[in-house]
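The structure under discussion appears below in the form of structure tokens.
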Amino acid sequence: MRRTIPSTTALICFEAAARHESFTKAAHELALTQGAVCRQIAGLEALLNVELFRRSQRGVKLSEAGLSYSRQVAAQLDAVERDTLSVMRLQGANVIELAVVPTFGTQWLLPRLKSFQSAHPQVTVNLTNRTRPFMFADTPFDAAIYFGDADWPGTQSHWLMSENPLPVCSPRLLDNTCEPDPLCIAGLPLLQQTTRPYAWRQWFNSLGLNVAKDMTGPRYELFSMLAQAALHQMGVALIPPFLIQRELLEGSLVVAHRHVLASDKAYYLMIPERKVASQSLCIFRDWLVSNAREYVRSVQNTSNY
């Protein structure tokens, strides 16, 4: 069955005219005559059987239907333009579209990507934030780095590292330089993370403690938000040290207690099964897994924090 879709020219003319609320300005922008723009919009109105503009001696104004349609058309034209530019950029290039959990991407992965680019200049890695699993078939992503249990149907998983969060806070929040005991920490504001709602309860329970208000306190979605709240003396946060290396080295954040929360979940690189043979992805996978292993070994062999 033939689709009921106006011509691209008609939609482009309509979007420009709607944006300017002027056929003359639209014609100037598109390097067309005013008559040509008028004919395209008249044809569009005839197809839709809807008046998109109200004409008067003072010019044209969008009708209510025209205003609603113009918003939808503008969004669709923007999407087509983005997809077109994306295809144009891909010509002759090896591009990996990688979904990554935000703080891991900015604090751990990005500082190391320069070495990958230097070693493999023929491969481009684009990063987009995603915090939860999704259907690869419904997205442009080639792979994903996420935190979980590797239970992601239709994918091949590669373990990178555990979180092993520690309680950290601003040094100004502590009364002295001695390491507080867990009950002392329980008396401080506990900063919560939205995606780890039971983290503090698990931390206290692993020390044999039951704390009444272990799940109360302000909640933040990202570790970067938790770190900023802790920096501003708003409370104590459970954060993996590798995500706040700079803050710990500078002393703007300190470890409030050295007991680590062990987790059965970890960071994984997930590759859809249909893409496991991709040469670019194999190169990136090997580099990423190697760097993660090197980092884990370095943490195990040192006690910087």
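Letters A, B, ... go to the chains of the structure tokens in the order shown; residues in each chain start at 1; ligands are counted from 1 in the same order.
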
Residues within 12 Å of Ser290 of chain A, only C-alpha atoms, excluding chain neighbours under 2 positions, as a PyMOL selection string: chain A and resi 112+116+158-161+283-288+292-297

Would you mind exporting the chosen residues as an mmCIF file, in the first residue's frame, restricted to N, CA and C atoms?
```
data_model
loop_
_atom_site.group_PDB
_atom_site.id
_atom_site.type_symbol
_atom_site.label_atom_id
_atom_site.label_comp_id
_atom_site.auth_asym_id
_atom_site.auth_seq_id
_atom_site.Cartn_x
_atom_site.Cartn_y
_atom_site.Cartn_z
ATOM 1 N N ARG A 112 41.602 7.364 29.564
ATOM 2 C CA ARG A 112 42.447 6.339 28.960
ATOM 3 C C ARG A 112 42.232 6.208 27.451
ATOM 4 N N PHE A 116 44.167 4.643 23.397
ATOM 5 C CA PHE A 116 43.545 3.798 22.372
ATOM 6 C C PHE A 116 43.568 4.495 21.023
ATOM 7 N N HIS A 158 32.072 -9.392 28.968
ATOM 8 C CA HIS A 158 33.493 -9.371 29.322
ATOM 9 C C HIS A 158 33.646 -8.599 30.624
ATOM 10 N N TRP A 159 34.051 -9.318 31.681
ATOM 11 C CA TRP A 159 34.197 -8.719 33.008
ATOM 12 C C TRP A 159 35.320 -7.692 32.999
ATOM 13 N N LEU A 160 35.040 -6.529 33.573
ATOM 14 C CA LEU A 160 36.057 -5.478 33.649
ATOM 15 C C LEU A 160 36.564 -5.291 35.071
ATOM 16 N N MET A 161 35.666 -4.981 36.001
ATOM 17 C CA MET A 161 36.084 -4.772 37.383
ATOM 18 C C MET A 161 34.871 -4.684 38.298
ATOM 19 N N ILE A 283 39.255 -5.226 18.518
ATOM 20 C CA ILE A 283 40.402 -4.398 18.895
ATOM 21 C C ILE A 283 40.100 -3.617 20.173
ATOM 22 N N PHE A 284 38.919 -3.001 20.213
ATOM 23 C CA PHE A 284 38.536 -2.218 21.383
ATOM 24 C C PHE A 284 38.350 -3.112 22.602
ATOM 25 N N ARG A 285 37.715 -4.277 22.408
ATOM 26 C CA ARG A 285 37.503 -5.215 23.518
ATOM 27 C C ARG A 285 38.826 -5.618 24.154
ATOM 28 N N ASP A 286 39.798 -6.011 23.323
ATOM 29 C CA ASP A 286 41.088 -6.459 23.847
ATOM 30 C C ASP A 286 41.793 -5.335 24.594
ATOM 31 N N TRP A 287 41.732 -4.121 24.040
ATOM 32 C CA TRP A 287 42.371 -2.970 24.703
ATOM 33 C C TRP A 287 41.697 -2.676 26.035
ATOM 34 N N LEU A 288 40.361 -2.669 26.053
ATOM 35 C CA LEU A 288 39.617 -2.324 27.262
ATOM 36 C C LEU A 288 39.835 -3.358 28.359
ATOM 37 N N ALA A 292 41.628 -2.699 31.959
ATOM 38 C CA ALA A 292 40.899 -2.949 33.197
ATOM 39 C C ALA A 292 41.675 -3.911 34.093
ATOM 40 N N ARG A 293 42.238 -4.952 33.513
ATOM 41 C CA ARG A 293 43.024 -5.904 34.302
ATOM 42 C C ARG A 293 44.254 -5.229 34.900
ATOM 43 N N GLU A 294 44.904 -4.386 34.115
ATOM 44 C CA GLU A 294 46.078 -3.673 34.608
ATOM 45 C C GLU A 294 45.708 -2.759 35.777
ATOM 46 N N TYR A 295 44.557 -2.088 35.649
ATOM 47 C CA TYR A 295 44.122 -1.216 36.729
ATOM 48 C C TYR A 295 43.820 -2.020 37.994
ATOM 49 N N VAL A 296 43.088 -3.134 37.855
ATOM 50 C CA VAL A 296 42.743 -3.958 39.007
ATOM 51 C C VAL A 296 44.005 -4.455 39.700
ATOM 52 N N ARG A 297 45.009 -4.880 38.934
ATOM 53 C CA ARG A 297 46.268 -5.339 39.527
ATOM 54 C C ARG A 297 46.964 -4.216 40.283
#
```

Residue set, segment 172-279 of chain A restricted to alpha helix (DSSP H), as a PyMOL selection string: chain A and resi 182-186+199-205+223-231+245-250+279

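With only C-alpha atoms as the atoms that count, the minimum distance from Pro111 of chain A to the choices A:Tyr69, A:Tyr268, A:Phe242, A:Tyr146 is reached by A:Phe242.
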
Long-range neighbours of Lys213 of chain A as a PyMOL selection string, 12 Å cut-off, only C-alpha atoms, 5 positions minimum in chain: chain A and resi 183+185-192+198+200-201+204

Thr139 of chain A surroundings by only C-alpha atoms, 10 Å radius, close-in-sequence under 5 positions cut, as a PyMOL selection string: chain A and resi 97+99+134

For the residues in that selection, give me N, CA, C and O atoms as a PDB file, in the first residue's frame.
```pdb
ATOM      1  N   GLU A  97      29.861   2.766  18.275  1.00  0.00           N
ATOM      2  CA  GLU A  97      28.903   3.510  19.086  1.00  0.00           C
ATOM      3  C   GLU A  97      28.766   2.761  20.410  1.00  0.00           C
ATOM      4  O   GLU A  97      28.221   1.672  20.465  1.00  0.00           O
ATOM      5  N   ALA A  99      27.530   2.589  24.360  1.00  0.00           N
ATOM      6  CA  ALA A  99      26.703   3.059  25.472  1.00  0.00           C
ATOM      7  C   ALA A  99      27.477   2.799  26.761  1.00  0.00           C
ATOM      8  O   ALA A  99      28.040   1.718  26.942  1.00  0.00           O
ATOM      9  N   PHE A 134      19.209  -2.450  27.386  1.00  0.00           N
ATOM     10  CA  PHE A 134      18.260  -2.084  26.338  1.00  0.00           C
ATOM     11  C   PHE A 134      18.346  -3.134  25.241  1.00  0.00           C
ATOM     12  O   PHE A 134      19.197  -4.028  25.289  1.00  0.00           O
TER      13      PHE A 134
END
```

So which residues touch Pro153 of chain A within 10 Å, counting only C-alpha atoms, skipping near sequence neighbours fewer than 6 positions away, as a PDB file with N, CA, C and O atoms, in the first residue's frame?
```pdb
ATOM      1  N   PRO A 133      20.127  -1.758  30.841  1.00  0.00           N
ATOM      2  CA  PRO A 133      20.110  -2.569  29.621  1.00  0.00           C
ATOM      3  C   PRO A 133      19.009  -2.149  28.664  1.00  0.00           C
ATOM      4  O   PRO A 133      17.994  -1.574  29.065  1.00  0.00           O
ATOM      5  N   PHE A 134      19.209  -2.450  27.386  1.00  0.00           N
ATOM      6  CA  PHE A 134      18.260  -2.084  26.338  1.00  0.00           C
ATOM      7  C   PHE A 134      18.346  -3.134  25.241  1.00  0.00           C
ATOM      8  O   PHE A 134      19.197  -4.028  25.289  1.00  0.00           O
ATOM      9  N   MET A 135      17.490  -3.009  24.251  1.00  0.00           N
ATOM     10  CA  MET A 135      17.525  -3.914  23.111  1.00  0.00           C
ATOM     11  C   MET A 135      18.470  -3.341  22.061  1.00  0.00           C
ATOM     12  O   MET A 135      18.199  -2.269  21.501  1.00  0.00           O
ATOM     13  N   PRO A 272      26.697  -7.367  21.488  1.00  0.00           N
ATOM     14  CA  PRO A 272      25.646  -8.232  20.926  1.00  0.00           C
ATOM     15  C   PRO A 272      26.272  -9.345  20.092  1.00  0.00           C
ATOM     16  O   PRO A 272      27.282  -9.140  19.416  1.00  0.00           O
ATOM     17  N   GLU A 273      25.657 -10.509  20.149  1.00  0.00           N
ATOM     18  CA  GLU A 273      26.222 -11.688  19.480  1.00  0.00           C
ATOM     19  C   GLU A 273      26.430 -11.469  17.988  1.00  0.00           C
ATOM     20  O   GLU A 273      27.380 -11.992  17.403  1.00  0.00           O
TER      21      GLU A 273
END
```

Among listed residues A:Leu248, A:Leu253, A:Ile239, A:Val299, nearest Ser170 of chain A (using only C-alpha atoms): A:Leu253

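Closest approach to Asp142 of chain A among A:Cys38, A:Val276, A:Ala119, A:Ala74 is made by A:Val276 (distances from only C-alpha atoms).
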